[in-house]
Every structure is written in C-alpha cells, then in structure tokens.
>>> print(open('my_file36.csv').read())   # CSV, C-alpha atoms
chain,number,residue,atom,x,y,z
A,1,MET,CA,0.0,0.0,0.0
A,2,TYR,CA,2.4,2.7,1.2
A,3,ILE,CA,6.0,2.1,0.1
A,4,ARG,CA,9.2,4.0,0.6
A,5,ILE,CA,11.1,4.1,-2.7
A,6,ARG,CA,14.3,5.5,-4.1
A,7,ALA,CA,13.9,7.0,-7.5
A,8,ILE,CA,15.8,9.1,-10.0
A,9,ASP,CA,14.5,12.1,-11.9
A,10,VAL,CA,16.0,15.1,-13.7
A,11,VAL,CA,15.1,18.5,-12.1
A,12,ARG,CA,15.3,21.8,-13.9
A,13,VAL,CA,16.4,24.6,-11.6
A,14,PRO,CA,15.3,27.9,-13.2
A,15,PRO,CA,18.0,30.7,-13.4
A,16,GLU,CA,16.3,32.9,-10.8
A,17,ARG,CA,16.6,30.1,-8.2
A,18,LEU,CA,20.3,29.3,-8.8
A,19,GLY,CA,21.5,31.5,-5.9
A,20,GLU,CA,19.4,29.6,-3.3
A,21,ASP,CA,20.3,26.5,-1.3
A,22,LEU,CA,20.5,23.9,-4.1
A,23,VAL,CA,19.3,20.8,-2.2
A,24,SER,CA,16.3,22.6,-0.7
A,25,THR,CA,15.4,24.1,-4.1
A,26,VAL,CA,15.6,20.7,-5.8
A,27,LYS,CA,13.5,19.1,-3.1
A,28,GLU,CA,10.9,21.8,-3.4
A,29,LEU,CA,10.8,21.5,-7.2
A,30,LEU,CA,10.5,17.7,-6.9
A,31,LYS,CA,7.5,18.1,-4.6
A,32,ASP,CA,5.8,20.5,-7.0
A,33,LYS,CA,6.5,18.2,-9.9
A,34,LEU,CA,5.6,14.8,-8.4
A,35,GLU,CA,3.5,14.9,-5.3
A,36,GLY,CA,-0.1,13.8,-6.2
A,37,ARG,CA,1.1,12.5,-9.5
A,38,MET,CA,0.2,8.9,-10.6
A,39,ASP,CA,2.6,6.6,-12.4
A,40,LYS,CA,1.1,3.2,-13.4
A,41,LYS,CA,4.3,1.3,-12.5
A,42,ILE,CA,5.3,3.2,-9.4
A,43,GLY,CA,2.0,4.4,-7.9
A,44,MET,CA,0.9,7.7,-6.6
A,45,PHE,CA,3.6,10.0,-5.1
A,46,ILE,CA,2.5,11.0,-1.6
A,47,ALA,CA,5.6,12.7,-0.3
A,48,ILE,CA,9.2,13.5,-1.3
A,49,LEU,CA,11.3,12.7,1.7
A,50,ASP,CA,15.0,13.4,1.0
A,51,VAL,CA,17.3,14.3,-1.8
A,52,VAL,CA,20.0,11.6,-1.6
A,53,GLU,CA,22.3,12.5,-4.4
A,54,MET,CA,22.7,15.1,-7.1
A,55,LYS,CA,24.9,14.8,-10.1
A,56,GLU,CA,26.7,17.8,-11.7
A,57,GLY,CA,24.3,20.2,-13.3
A,58,ARG,CA,23.9,20.4,-17.1
A,59,ILE,CA,23.1,23.4,-19.2
A,60,MET,CA,21.1,23.2,-22.4
A,61,ILE,CA,21.8,25.6,-25.3
A,62,GLY,CA,19.1,28.3,-25.3
A,63,ASP,CA,17.9,27.5,-21.7
A,64,GLY,CA,19.0,29.5,-18.7
A,65,GLY,CA,18.1,26.7,-16.3
A,66,VAL,CA,20.4,24.0,-15.0
A,67,TYR,CA,19.3,20.3,-15.1
A,68,TYR,CA,20.3,18.0,-12.2
A,69,GLU,CA,19.9,14.3,-12.3
A,70,THR,CA,18.7,13.6,-8.7
A,71,VAL,CA,18.3,10.5,-6.6
A,72,PHE,CA,15.6,10.9,-4.0
A,73,ASP,CA,13.5,9.0,-1.5
A,74,ALA,CA,9.7,9.2,-1.6
A,75,ILE,CA,6.6,7.6,-0.2
A,76,VAL,CA,4.2,6.2,-2.8
A,77,PHE,CA,0.7,4.7,-2.6
A,78,ARG,CA,0.6,1.5,-4.7
A,79,PRO,CA,-2.5,-0.7,-4.4
A,80,GLU,CA,-1.6,-4.4,-5.1
A,81,LEU,CA,-3.9,-7.1,-6.2
A,82,GLN,CA,-5.0,-9.5,-3.4
A,83,GLU,CA,-3.9,-7.0,-0.8
A,84,ILE,CA,-6.1,-6.7,2.3
A,85,VAL,CA,-7.0,-3.1,3.1
A,86,GLU,CA,-9.1,-1.3,5.7
A,87,GLY,CA,-11.0,1.9,4.9
A,88,GLU,CA,-14.0,4.0,5.5
A,89,VAL,CA,-17.2,4.0,3.5
A,90,VAL,CA,-17.5,7.5,2.0
A,91,GLU,CA,-20.5,7.0,-0.3
A,92,ILE,CA,-23.3,4.6,-0.7
A,93,VAL,CA,-25.0,4.2,-4.1
A,94,ASP,CA,-27.5,1.7,-5.5
A,95,PHE,CA,-24.8,-0.5,-7.0
A,96,GLY,CA,-22.5,-0.6,-4.0
A,97,ALA,CA,-20.2,1.5,-1.7
A,98,PHE,CA,-17.1,3.6,-2.3
A,99,VAL,CA,-14.4,3.0,0.3
A,100,GLU,CA,-11.6,5.4,1.0
A,101,ILE,CA,-8.3,3.5,1.0
A,102,GLY,CA,-5.4,6.0,1.2
A,103,PRO,CA,-5.6,8.8,-1.3
A,104,LEU,CA,-8.0,6.8,-3.7
A,105,ASP,CA,-11.4,5.3,-3.4
A,106,GLY,CA,-12.2,1.7,-4.1
A,107,LEU,CA,-15.6,0.3,-5.3
A,108,LEU,CA,-17.2,-2.4,-3.3
A,109,HIS,CA,-19.8,-3.6,-5.7
A,110,ILE,CA,-23.1,-4.8,-4.2
A,111,SER,CA,-22.4,-8.3,-5.4
A,112,GLN,CA,-19.1,-8.3,-3.5
A,113,ILE,CA,-20.4,-7.3,0.0
A,114,THR,CA,-21.9,-10.5,1.2
A,115,ASP,CA,-23.6,-13.7,0.0
A,116,GLU,CA,-27.0,-12.4,1.1
A,117,PHE,CA,-29.4,-10.4,-1.0
A,118,ILE,CA,-28.9,-6.7,-0.4
A,119,SER,CA,-31.3,-3.8,-0.9
A,120,TYR,CA,-30.6,-0.1,-1.2
A,121,ASP,CA,-32.2,2.3,1.2
A,122,GLU,CA,-32.0,5.6,-0.7
A,123,LYS,CA,-33.5,7.8,2.1
A,124,GLY,CA,-31.1,6.3,4.8
A,125,ALA,CA,-28.2,6.0,2.3
A,126,LYS,CA,-27.6,2.4,3.5
A,127,LEU,CA,-27.3,-1.0,2.0
A,128,ILE,CA,-29.3,-3.6,4.0
A,129,THR,CA,-28.9,-7.4,3.9
A,130,ARG,CA,-32.2,-9.4,3.7
A,131,GLU,CA,-31.6,-12.3,6.1
A,132,THR,CA,-29.5,-10.8,8.9
A,133,ASN,CA,-30.7,-7.2,8.5
A,134,ARG,CA,-27.1,-5.9,8.7
A,135,THR,CA,-26.5,-2.4,7.3
A,136,LEU,CA,-23.6,-0.7,5.6
A,137,GLY,CA,-23.5,3.1,5.5
A,138,GLU,CA,-21.3,6.1,5.2
A,139,GLY,CA,-18.7,6.3,7.9
A,140,ASP,CA,-18.6,2.5,8.5
A,141,LYS,CA,-15.1,0.9,8.7
A,142,VAL,CA,-14.6,-2.1,6.5
A,143,ARG,CA,-11.9,-4.7,5.7
A,144,ALA,CA,-11.7,-5.8,2.1
A,145,ARG,CA,-9.4,-7.4,-0.5
A,146,ILE,CA,-8.3,-5.7,-3.7
A,147,VAL,CA,-9.5,-7.7,-6.7
A,148,ALA,CA,-9.0,-5.2,-9.6
A,149,VAL,CA,-6.6,-2.2,-10.1
A,150,SER,CA,-6.7,0.2,-13.1
A,151,LEU,CA,-4.6,3.3,-12.4
A,152,ASN,CA,-5.2,6.4,-14.5
A,153,GLU,CA,-2.0,8.6,-14.9
A,154,ARG,CA,-3.8,11.5,-16.5
A,155,ASP,CA,-6.5,11.8,-13.9
A,156,PRO,CA,-5.7,9.9,-10.7
A,157,GLY,CA,-9.2,10.5,-9.4
A,158,ASP,CA,-10.5,8.4,-12.3
A,159,SER,CA,-8.4,5.4,-11.2
A,160,LYS,CA,-10.5,2.3,-10.5
A,161,ILE,CA,-9.9,-0.1,-7.6
A,162,GLY,CA,-12.3,-3.1,-7.2
A,163,LEU,CA,-12.9,-4.6,-3.7
A,164,THR,CA,-14.5,-7.7,-2.2
A,165,MET,CA,-15.6,-8.6,1.3
A,166,ARG,CA,-17.0,-12.1,0.4
A,167,GLN,CA,-14.5,-14.1,2.3
A,168,PRO,CA,-14.0,-15.1,6.0
A,169,GLY,CA,-12.3,-12.3,8.0
A,170,LEU,CA,-13.5,-9.6,5.6
A,171,GLY,CA,-16.4,-7.3,6.0
A,172,LYS,CA,-17.7,-4.4,8.1
A,173,ILE,CA,-15.5,-4.3,11.2
A,174,GLU,CA,-18.5,-4.8,13.5
A,175,TRP,CA,-19.6,-7.9,11.5
A,176,ILE,CA,-16.1,-9.4,11.9
A,177,GLU,CA,-16.2,-8.8,15.7
A,178,GLU,CA,-19.7,-10.4,15.9
A,179,GLU,CA,-18.4,-13.5,14.0
A,180,ARG,CA,-15.4,-13.7,16.4
A,181,GLU,CA,-17.7,-13.5,19.5
A,182,LYS,CA,-20.0,-16.2,18.0
A,183,GLU,CA,-17.0,-18.5,17.3
A,184,ALA,CA,-15.6,-17.9,20.8
A,185,LYS,CA,-19.0,-18.8,22.4
A,186,ARG,CA,-19.3,-21.9,20.2
A,187,LEU,CA,-15.9,-23.1,21.4
A,188,GLU,CA,-16.6,-22.6,25.1
>>> encode(input="my_file36.csv", output="structure tokens")
Amino acid sequence: MYIRIRAIDVVRVPPERLGEDLVSTVKELLKDKLEGRMDKKIGMFIAILDVVEMKEGRIMIGDGGVYYETVFDAIVFRPELQEIVEGEVVEIVDFGAFVEIGPLDGLLHISQITDEFISYDEKGAKLITRETNRTLGEGDKVRARIVAVSLNERDPGDSKIGLTMRQPGLGKIEWIEEEREKEAKRLE
C-alpha cells in the first residue's frame, strides 16, 4: 500500500533560483512536480522525503536553467492485487459502496459485499442485507481485499480499484467482531 522508494529524476532549476540552497530548491521542485502524480508502475507519489544524491548540473543551449539528475527517497501509494485493506465507506450508491483507501477510493460492488441479497435504502443512504438485516452506510469501517486495479496517470481520481468482502475475515469491522464472538462462544 504505502511504500518507501528510491527514485531518479531530472530536475530543472530555473535561473532565478540558482543562488538559493540547491538541495532545498531541488527538493521543493521535486515536490511541485511529483506529489499527487500517478505513475502506473510506481503508484501515486505522496511525499518526497529526502534528496539523496545530485549529479553535476547540465546546461542546455538556449535554456538558462540547470538540469540536475537527482536521486531521492519518496513515499508512494501502490494498491496491489489481493492486498487486504481497511478503509471507511465514503459514499453509498444503489450499486455498492465507495471505500476510501489511502488517497484513492475503491468500489465495493453490491455483489461483493456479502452472500446475502442486499437492498438499497435511498433515504437512509444504506445497504441492508435481507436475512441478517445488517447495514452498511457512510462512515462505516470495512476490511476488504483488492480484486482489480486500473490506475489512470492523466486523472488519478479516475483510477479504479475493485474490492470484495465475500471471504471469511473480511467485511464491516462490526460484523467481523460479531463473528469472532459467536465463534468464541461456540468453542466454550
């Protein structure tokens, strides 16, 4: 999910910033360039931590800026298939629930919530199971598994992450606790 990486990028320092502390300037320019950006292979850049190494600057003909190849450490968000995640339900719709997992939302389709039939209560903004009468609404904490990932580099908010809770140990946190208590009583 959140990973610390070491990466390399070329940073252009404009001529008006050349008199400033170079490492601080390069770090600030890296933050402006990368934080919040999505890369399909790397993930979403959350934070630039440190500038580790900078090579000698290069000047291009006709450009007053100086280009520095820079090695830096960063924190990225990279959702992985089959990964177990916990998040908060941020929106309930007739076809499922959107769950906030890190900086992105995952879709918990209505068919992936439970084995029971589920109905949508539009007024209460809740999903309700038919047999056990359990509800899922905004603000509920859930544990789910990632079953699909499609990251969009141009518009990270349009990335799609599919989730499921149809396995033992997954579900709304309260449901998981209820199942644990039932199992503990059964074993007594």
>>> residues_around(input="my_file36.csv", residues="Arg143 (chain A)", least_positions_apart="4", cutoff="12 Å", atoms="all atoms listed in the file", output="JSON, numbers by chain")
{"A": [83, 84, 85, 86, 87, 88, 89, 99, 100, 101, 106, 108, 113, 163, 164, 165, 166, 167, 168, 169, 170, 171, 172, 173, 174, 175, 176, 177]}
>>> residues_near_point(input="my_file36.csv", point="(12.6, 9.8, 2.2)", cutoff="10 Å", atoms="all atoms listed in the file", output="list in words")
Arg4, Ile5, Arg6, Ala47, Ile48, Leu49, Asp50, Val51, Val52, Phe72, Asp73, Ala74 and Ile75 of chain A
>>> closest_residue(input="my_file36.csv", among="A:Asn152, A:Arg134, A:Asp9, A:Glu16", to="Glu178 (chain A)", atoms="only C-alpha atoms")
A:Arg134
>>> closest_residue(input="my_file36.csv", among="A:Ile146, A:Ile161, A:Leu136, A:Ile59", to="Leu107 (chain A)", atoms="all atoms listed in the file")
A:Ile161
>>> residues_around(input="my_file36.csv", residues="Ser111 (chain A)", least_positions_apart="6", cutoff="12 Å", atoms="only C-alpha atoms", output="list in words")
Asp94, Phe95, Gly96, Ala97, Phe117, Ile118, Ser119, Leu127, Thr129, Gly162, Leu163, Thr164, Met165 and Arg166 of chain A
>>> closest_residue(input="my_file36.csv", among="A:Val26, A:Val66, A:Ile46, A:Val11", to="Gly102 (chain A)", atoms="only C-alpha atoms")
A:Ile46
>>> atom_distance(input="my_file36.csv", atom1="CA of Arg78 (chain A)", atom2="CA of Arg12 (chain A)")
26.7 Å
>>> closest_residue(input="my_file36.csv", among="A:Gln82, A:Asp39, A:Glu181, A:Val93", to="Ala144 (chain A)", atoms="only C-alpha atoms")
A:Gln82
>>> closest_residue(input="my_file36.csv", among="A:Ile110, A:Leu81, A:Met44, A:Val10", to="Tyr68 (chain A)", atoms="only C-alpha atoms")
A:Val10
>>> atom_distance(input="my_file36.csv", atom1="CA of Lys185 (chain A)", atom2="CA of Gly139 (chain A)")
29.0 Å
>>> atom_distance(input="my_file36.csv", atom1="CA of Asp105 (chain A)", atom2="CA of Lys160 (chain A)")
7.8 Å
>>> residues_near_point(input="my_file36.csv", point="(-29.4, 6.0, 2.2)", cutoff="10 Å", atoms="all atoms listed in the file", output="list in words")
Glu91, Ile92, Val93, Asp94, Tyr120, Asp121, Glu122, Lys123, Gly124, Ala125, Lys126, Leu127, Ile128, Leu136, Gly137 and Glu138 of chain A
